[in-house]
$ cat entry17.txt   # compact mmCIF, C-alpha atoms
# COMPACT_ATOMS: atom_id res chain seq x y z
CA MET A 1 93.84 99.10 108.52
CA ARG A 2 93.69 96.34 111.15
CA LYS A 3 91.17 98.26 113.31
CA ALA A 4 88.94 98.88 110.29
CA LEU A 5 89.07 95.19 109.38
CA ILE A 6 88.17 94.09 112.92
CA ILE A 7 85.28 96.58 113.08
CA SER A 8 84.03 95.37 109.67
CA ILE A 9 84.18 91.74 110.79
CA LEU A 10 82.35 92.44 114.05
CA THR A 11 79.69 94.44 112.18
CA MET A 12 79.21 91.60 109.69
CA LEU A 13 78.86 89.07 112.53
CA LEU A 14 76.36 91.30 114.34
CA VAL A 15 74.24 91.62 111.19
CA LEU A 16 74.40 87.87 110.62
CA LEU A 17 73.37 87.11 114.21
CA THR A 18 70.40 89.49 114.08
CA THR A 19 69.01 88.01 110.85
CA GLY A 20 68.26 84.71 112.63
CA PRO A 21 65.47 83.05 110.61
CA VAL A 22 66.88 84.14 107.25
CA TRP A 23 69.96 81.93 107.68
CA ALA A 24 69.69 78.21 107.13
CA GLY A 25 71.91 77.53 110.11
CA VAL A 26 74.91 78.21 112.25
CA VAL A 27 77.61 75.53 112.32
CA VAL A 28 80.05 75.48 115.25
CA ARG A 29 83.31 73.77 114.21
CA MET A 30 86.37 72.21 115.83
CA GLY A 31 89.30 70.94 113.82
CA ILE A 32 92.70 69.33 113.80
CA ASP A 33 95.42 70.25 111.32
CA PRO A 34 97.62 67.13 111.09
CA ILE A 35 99.63 68.31 108.08
CA GLY A 36 100.94 71.85 107.63
CA ARG A 37 103.83 73.66 105.98
CA LEU A 38 105.05 77.23 106.37
CA GLU A 39 106.91 78.72 103.41
CA GLU A 40 108.86 81.95 103.90
CA LYS A 41 110.22 83.73 100.84
CA GLY A 42 111.94 87.06 101.12
CA ILE A 43 115.02 89.22 101.49
CA GLU A 44 117.29 89.33 104.54
CA ALA A 45 120.39 91.53 104.70
CA GLY A 46 119.84 92.28 101.01
CA LYS A 47 119.95 88.59 99.95
CA SER A 48 116.95 86.58 98.81
CA TYR A 49 116.04 83.33 100.55
CA LEU A 50 113.41 80.60 100.59
CA ALA A 51 112.64 78.47 103.66
CA ARG A 52 110.07 75.68 103.92
CA LYS A 53 109.27 74.06 107.24
CA GLY A 54 106.70 71.54 108.40
CA THR A 55 104.59 72.57 111.38
CA GLU A 56 103.47 70.76 114.48
CA ILE A 57 99.88 69.50 114.69
CA GLY A 58 97.50 72.42 115.12
CA TYR A 59 93.96 72.86 116.42
CA SER A 60 91.23 75.25 115.31
CA VAL A 61 87.78 76.41 116.36
CA GLY A 62 85.36 78.39 114.26
CA GLY A 63 81.90 78.96 112.96
CA GLU A 64 79.96 79.30 109.74
CA TYR A 65 76.63 80.92 108.85
CA LEU A 66 74.90 79.19 105.95
CA PHE A 67 72.01 80.23 103.71
CA ALA A 68 70.28 77.83 101.32
CA ALA A 69 70.56 79.59 97.94
CA ASN A 70 68.73 76.71 96.23
CA LYS A 71 68.14 72.96 96.61
CA ASP A 72 71.81 72.02 96.12
CA LEU A 73 73.76 75.19 96.97
CA ASP A 74 74.46 76.80 100.33
CA ILE A 75 76.36 80.08 100.63
CA GLY A 76 77.56 81.90 103.70
CA ALA A 77 80.41 83.31 105.74
CA GLY A 78 82.70 81.94 108.39
CA PHE A 79 85.84 82.30 110.46
CA GLU A 80 88.52 80.00 111.86
CA TYR A 81 90.54 80.74 114.99
CA GLN A 82 93.76 78.72 114.86
CA LEU A 83 95.52 77.99 118.13
CA MET A 84 99.23 78.84 118.08
CA ARG A 85 101.49 76.31 116.33
CA LYS A 86 105.23 76.11 115.80
CA PRO A 87 107.26 75.37 112.66
CA GLN A 88 109.95 72.70 112.96
CA ASP A 89 113.28 74.01 114.32
CA TYR A 90 111.79 77.40 115.19
CA GLN A 91 111.19 78.94 118.63
CA LYS A 92 108.23 81.27 118.02
CA ARG A 93 104.70 80.09 117.39
CA PHE A 94 102.25 81.65 114.94
CA ARG A 95 98.61 81.59 113.87
CA PHE A 96 96.37 82.77 111.07
CA ILE A 97 92.74 83.78 111.65
CA PRO A 98 90.83 83.48 108.35
CA VAL A 99 87.51 85.26 107.74
CA TYR A 100 85.86 84.07 104.54
CA ALA A 101 82.87 83.65 102.25
CA LEU A 102 81.98 80.10 101.29
CA GLY A 103 79.91 78.00 98.98
CA ARG A 104 78.79 74.39 99.41
CA TYR A 105 77.42 72.29 96.58
CA ARG A 106 75.62 69.06 97.48
CA VAL A 107 76.68 66.31 95.08
CA HIS A 108 74.91 63.29 96.55
CA ALA A 109 72.23 62.69 99.15
CA ARG A 110 71.63 59.22 100.51
CA GLY A 111 69.28 58.48 103.36
CA SER A 112 70.09 60.65 106.37
CA HIS A 113 73.40 61.98 105.04
CA SER A 114 74.60 64.05 102.10
CA PHE A 115 78.00 64.75 100.55
CA TYR A 116 79.16 68.19 99.43
CA LEU A 117 82.03 70.08 97.78
CA THR A 118 83.08 73.37 99.35
CA ALA A 119 85.14 76.40 98.33
CA LYS A 120 86.19 79.26 100.61
CA ALA A 121 87.90 82.58 99.96
CA GLY A 122 88.61 85.57 102.16
CA TYR A 123 91.16 87.41 104.23
CA SER A 124 93.52 86.00 106.85
CA LEU A 125 94.88 87.86 109.89
CA PHE A 126 98.41 86.85 111.00
CA GLN A 127 99.88 86.78 114.52
CA LEU A 128 103.38 85.87 115.69
CA GLU A 129 104.15 85.02 119.31
CA ASP A 130 106.13 87.73 121.17
CA MET A 131 106.34 89.88 118.05
CA PRO A 132 108.77 92.83 118.43
CA LYS A 133 107.16 96.28 118.11
CA GLU A 134 109.22 97.15 115.03
CA PHE A 135 107.99 94.02 113.22
CA ILE A 136 105.04 94.93 110.95
CA THR A 137 102.74 92.34 109.41
CA LYS A 138 100.24 92.77 106.63
CA GLU A 139 97.51 90.21 106.36
CA GLY A 140 96.78 88.40 103.13
CA LEU A 141 94.47 86.14 101.17
CA PHE A 142 92.89 82.93 102.39
CA TYR A 143 91.44 80.27 100.12
CA GLY A 144 90.54 76.62 100.38
CA ALA A 145 88.68 73.71 98.82
CA GLY A 146 87.40 70.47 100.26
CA ILE A 147 84.80 67.78 100.63
CA GLY A 148 82.39 66.99 103.42
CA VAL A 149 79.46 64.98 104.62
CA VAL A 150 76.42 66.01 106.68
CA PHE A 151 74.85 63.35 108.91
CA THR A 152 71.21 63.72 110.03
CA ASN A 153 71.26 67.41 109.02
CA ALA A 154 73.25 68.36 112.14
CA LEU A 155 76.68 66.69 112.32
CA HIS A 156 79.20 67.89 109.71
CA VAL A 157 82.57 66.30 108.89
CA GLU A 158 84.84 68.15 106.44
CA LEU A 159 88.30 67.64 104.94
CA LEU A 160 89.77 70.93 103.68
CA TYR A 161 92.99 71.98 101.94
CA SER A 162 93.65 75.66 102.66
CA VAL A 163 96.25 78.38 102.08
CA SER A 164 96.81 81.50 104.21
CA ARG A 165 99.18 84.30 103.18
CA ALA A 166 100.83 87.26 104.95
CA HIS A 167 103.62 89.79 104.46
CA ALA A 168 106.15 90.95 107.06
CA ARG A 169 108.69 93.75 107.26
CA ILE A 170 110.64 95.73 109.84
CA LYS A 171 109.62 99.34 110.53
CA GLY A 172 112.23 101.83 109.32
CA ILE A 173 114.14 99.29 107.21
CA PRO A 174 113.69 99.31 103.41
CA GLU A 175 112.04 96.25 101.88
CA SER A 176 115.08 95.89 99.62
CA PHE A 177 117.00 94.98 102.82
CA TYR A 178 114.37 92.90 104.68
CA LYS A 179 110.92 91.56 103.81
CA ALA A 180 109.15 88.20 104.04
CA ASP A 181 106.16 86.71 102.25
CA LEU A 182 104.57 83.90 104.25
CA LYS A 183 102.45 81.08 102.85
CA TYR A 184 100.88 78.54 105.21
CA THR A 185 99.32 75.47 103.61
CA LYS A 186 97.51 72.83 105.61
CA ILE A 187 95.02 70.01 105.57
CA ASN A 188 92.23 70.29 108.15
CA LEU A 189 89.78 67.74 109.45
CA PHE A 190 86.76 69.54 110.93
CA ILE A 191 83.82 68.27 112.92
CA GLY A 192 80.90 70.66 113.13
CA TYR A 193 77.46 70.79 114.69
CA LYS A 194 74.56 72.75 113.22
CA LEU A 195 72.68 74.72 115.87

$ encode --input "entry17.txt" --output "structure tokens"
Amino acid sequence: MRKALIISILTMLLVLLTTGPVWAGVVVRMGIDPIGRLEEKGIEAGKSYLARKGTEIGYSVGGEYLFAANKDLDIGAGFEYQLMRKPQDYQKRFRFIPVYALGRYRVHARGSHSFYLTAKAGYSLFQLEDMPKEFITKEGLFYGAGIGVVFTNALHVELLYSVSRAHARIKGIPESFYKADLKYTKINLFIGYKL
């Protein structure tokens, strides 16, 4: 499943890159995640549990391909590569890598800048640092909503609330004995540049 997803993503990116003039633009993005929380809900040793932990500040890089659907609406696709981050009181670091479709609706244009609302939805890959071989993860949904401003049609600043989900289990052990559903919520501040 993971290999098929990676091949699909690379194929999609290749198609997007070769359609050059059709796309309204490519935005390269860097971000900081000052607020984040990891929620783990599951079963361990046959007993259910719920753990919520804040996370250290995280950093992200990514890109988006945008197409002007009409005067006020842009649609496209993007990805975000999160650098590893650690939950409070936990030794191992983790990351999600969302791949998503997005829409941007311009709500106000004034002079050389314009404001927009954005919504994103897609799929999020999950990685855990030094993950044991018997530990199996299944990626999950990604979704987010936010606001942004574009200055001089090139510099983008965006504030986004997003959620990434994943599922984990141990190979050879029934899910009635051990499983975990992960939910990572965060607030991102992105700065992007349209190429």

$ closest_residue --input "entry17.txt" --among "A:Gly31, A:Gly36, A:Gly42, A:Pro98" --to "Arg169 in chain A" --atoms "all atoms listed in the file"
A:Gly42

$ closest_residue --input "entry17.txt" --among "A:Arg85, A:Lys183, A:Lys47, A:Lys138" --to "His167 in chain A" --atoms "only C-alpha atoms"
A:Lys138

$ residues_near_point --input "entry17.txt" --point "(81.2, 68.6, 97.5)" --cutoff "7 Å" --atoms "all atoms listed in the file" --output "list in words"
Arg104, Tyr105, Arg106, Val107, Phe115, Tyr116, Leu117, Thr118, Ile147 and Gly148 of chain A

$ residues_around --input "entry17.txt" --residues "Gly172 in chain A" --least-positions-apart "3" --cutoff "12 Å" --atoms "only C-alpha atoms" --output "PDB file with C-alpha atoms, in the frame of the given file"
ATOM      1  CA  LYS A 133     107.160  96.280 118.110  1.00  0.00           C
ATOM      2  CA  GLU A 134     109.220  97.150 115.030  1.00  0.00           C
ATOM      3  CA  PHE A 135     107.990  94.020 113.220  1.00  0.00           C
ATOM      4  CA  ILE A 136     105.040  94.930 110.950  1.00  0.00           C
ATOM      5  CA  ARG A 169     108.690  93.750 107.260  1.00  0.00           C
ATOM      6  CA  GLU A 175     112.040  96.250 101.880  1.00  0.00           C
ATOM      7  CA  SER A 176     115.080  95.890  99.620  1.00  0.00           C
ATOM      8  CA  PHE A 177     117.000  94.980 102.820  1.00  0.00           C
ATOM      9  CA  TYR A 178     114.370  92.900 104.680  1.00  0.00           C
ATOM     10  CA  LYS A 179     110.920  91.560 103.810  1.00  0.00           C
TER      11      LYS A 179
END

$ atom_distance --input "entry17.txt" --atom1 "CA of Gly103 in chain A" --atom2 "CA of Ala119 in chain A"
5.5 Å

$ closest_residue --input "entry17.txt" --among "A:Leu128, A:Val157, A:Ala109, A:Ile43" --to "Ile173 in chain A" --atoms "all atoms listed in the file"
A:Ile43

$ closest_residue --input "entry17.txt" --among "A:Gly62, A:Val149, A:Asp181, A:Arg110" --to "Tyr49 in chain A" --atoms "all atoms listed in the file"
A:Asp181

$ residues_around --input "entry17.txt" --residues "Lys41 in chain A" --least-positions-apart "3" --cutoff "8 Å" --atoms "all atoms listed in the file" --output "MDAnalysis selection string"
chainID A and resid 48:51 180:182

$ write_last_selection --input "entry17.txt" --atoms "C-alpha atoms" --output "mmCIF file, in the frame of the given file"
data_model
loop_
_atom_site.group_PDB
_atom_site.id
_atom_site.type_symbol
_atom_site.label_atom_id
_atom_site.label_comp_id
_atom_site.auth_asym_id
_atom_site.auth_seq_id
_atom_site.Cartn_x
_atom_site.Cartn_y
_atom_site.Cartn_z
ATOM 1 C CA SER A 48 116.950 86.580 98.810
ATOM 2 C CA TYR A 49 116.040 83.330 100.550
ATOM 3 C CA LEU A 50 113.410 80.600 100.590
ATOM 4 C CA ALA A 51 112.640 78.470 103.660
ATOM 5 C CA ALA A 180 109.150 88.200 104.040
ATOM 6 C CA ASP A 181 106.160 86.710 102.250
ATOM 7 C CA LEU A 182 104.570 83.900 104.250
#

$ axis_aligned_box --input "entry17.txt" --around "range 102-116 of chain A" --padding-each-side "4 Å" --output "lines of an AutoDock Vina configuration file"
center_x = 75.6
center_y = 69.3
center_z = 100.7
size_x = 20.7
size_y = 29.6
size_z = 19.3
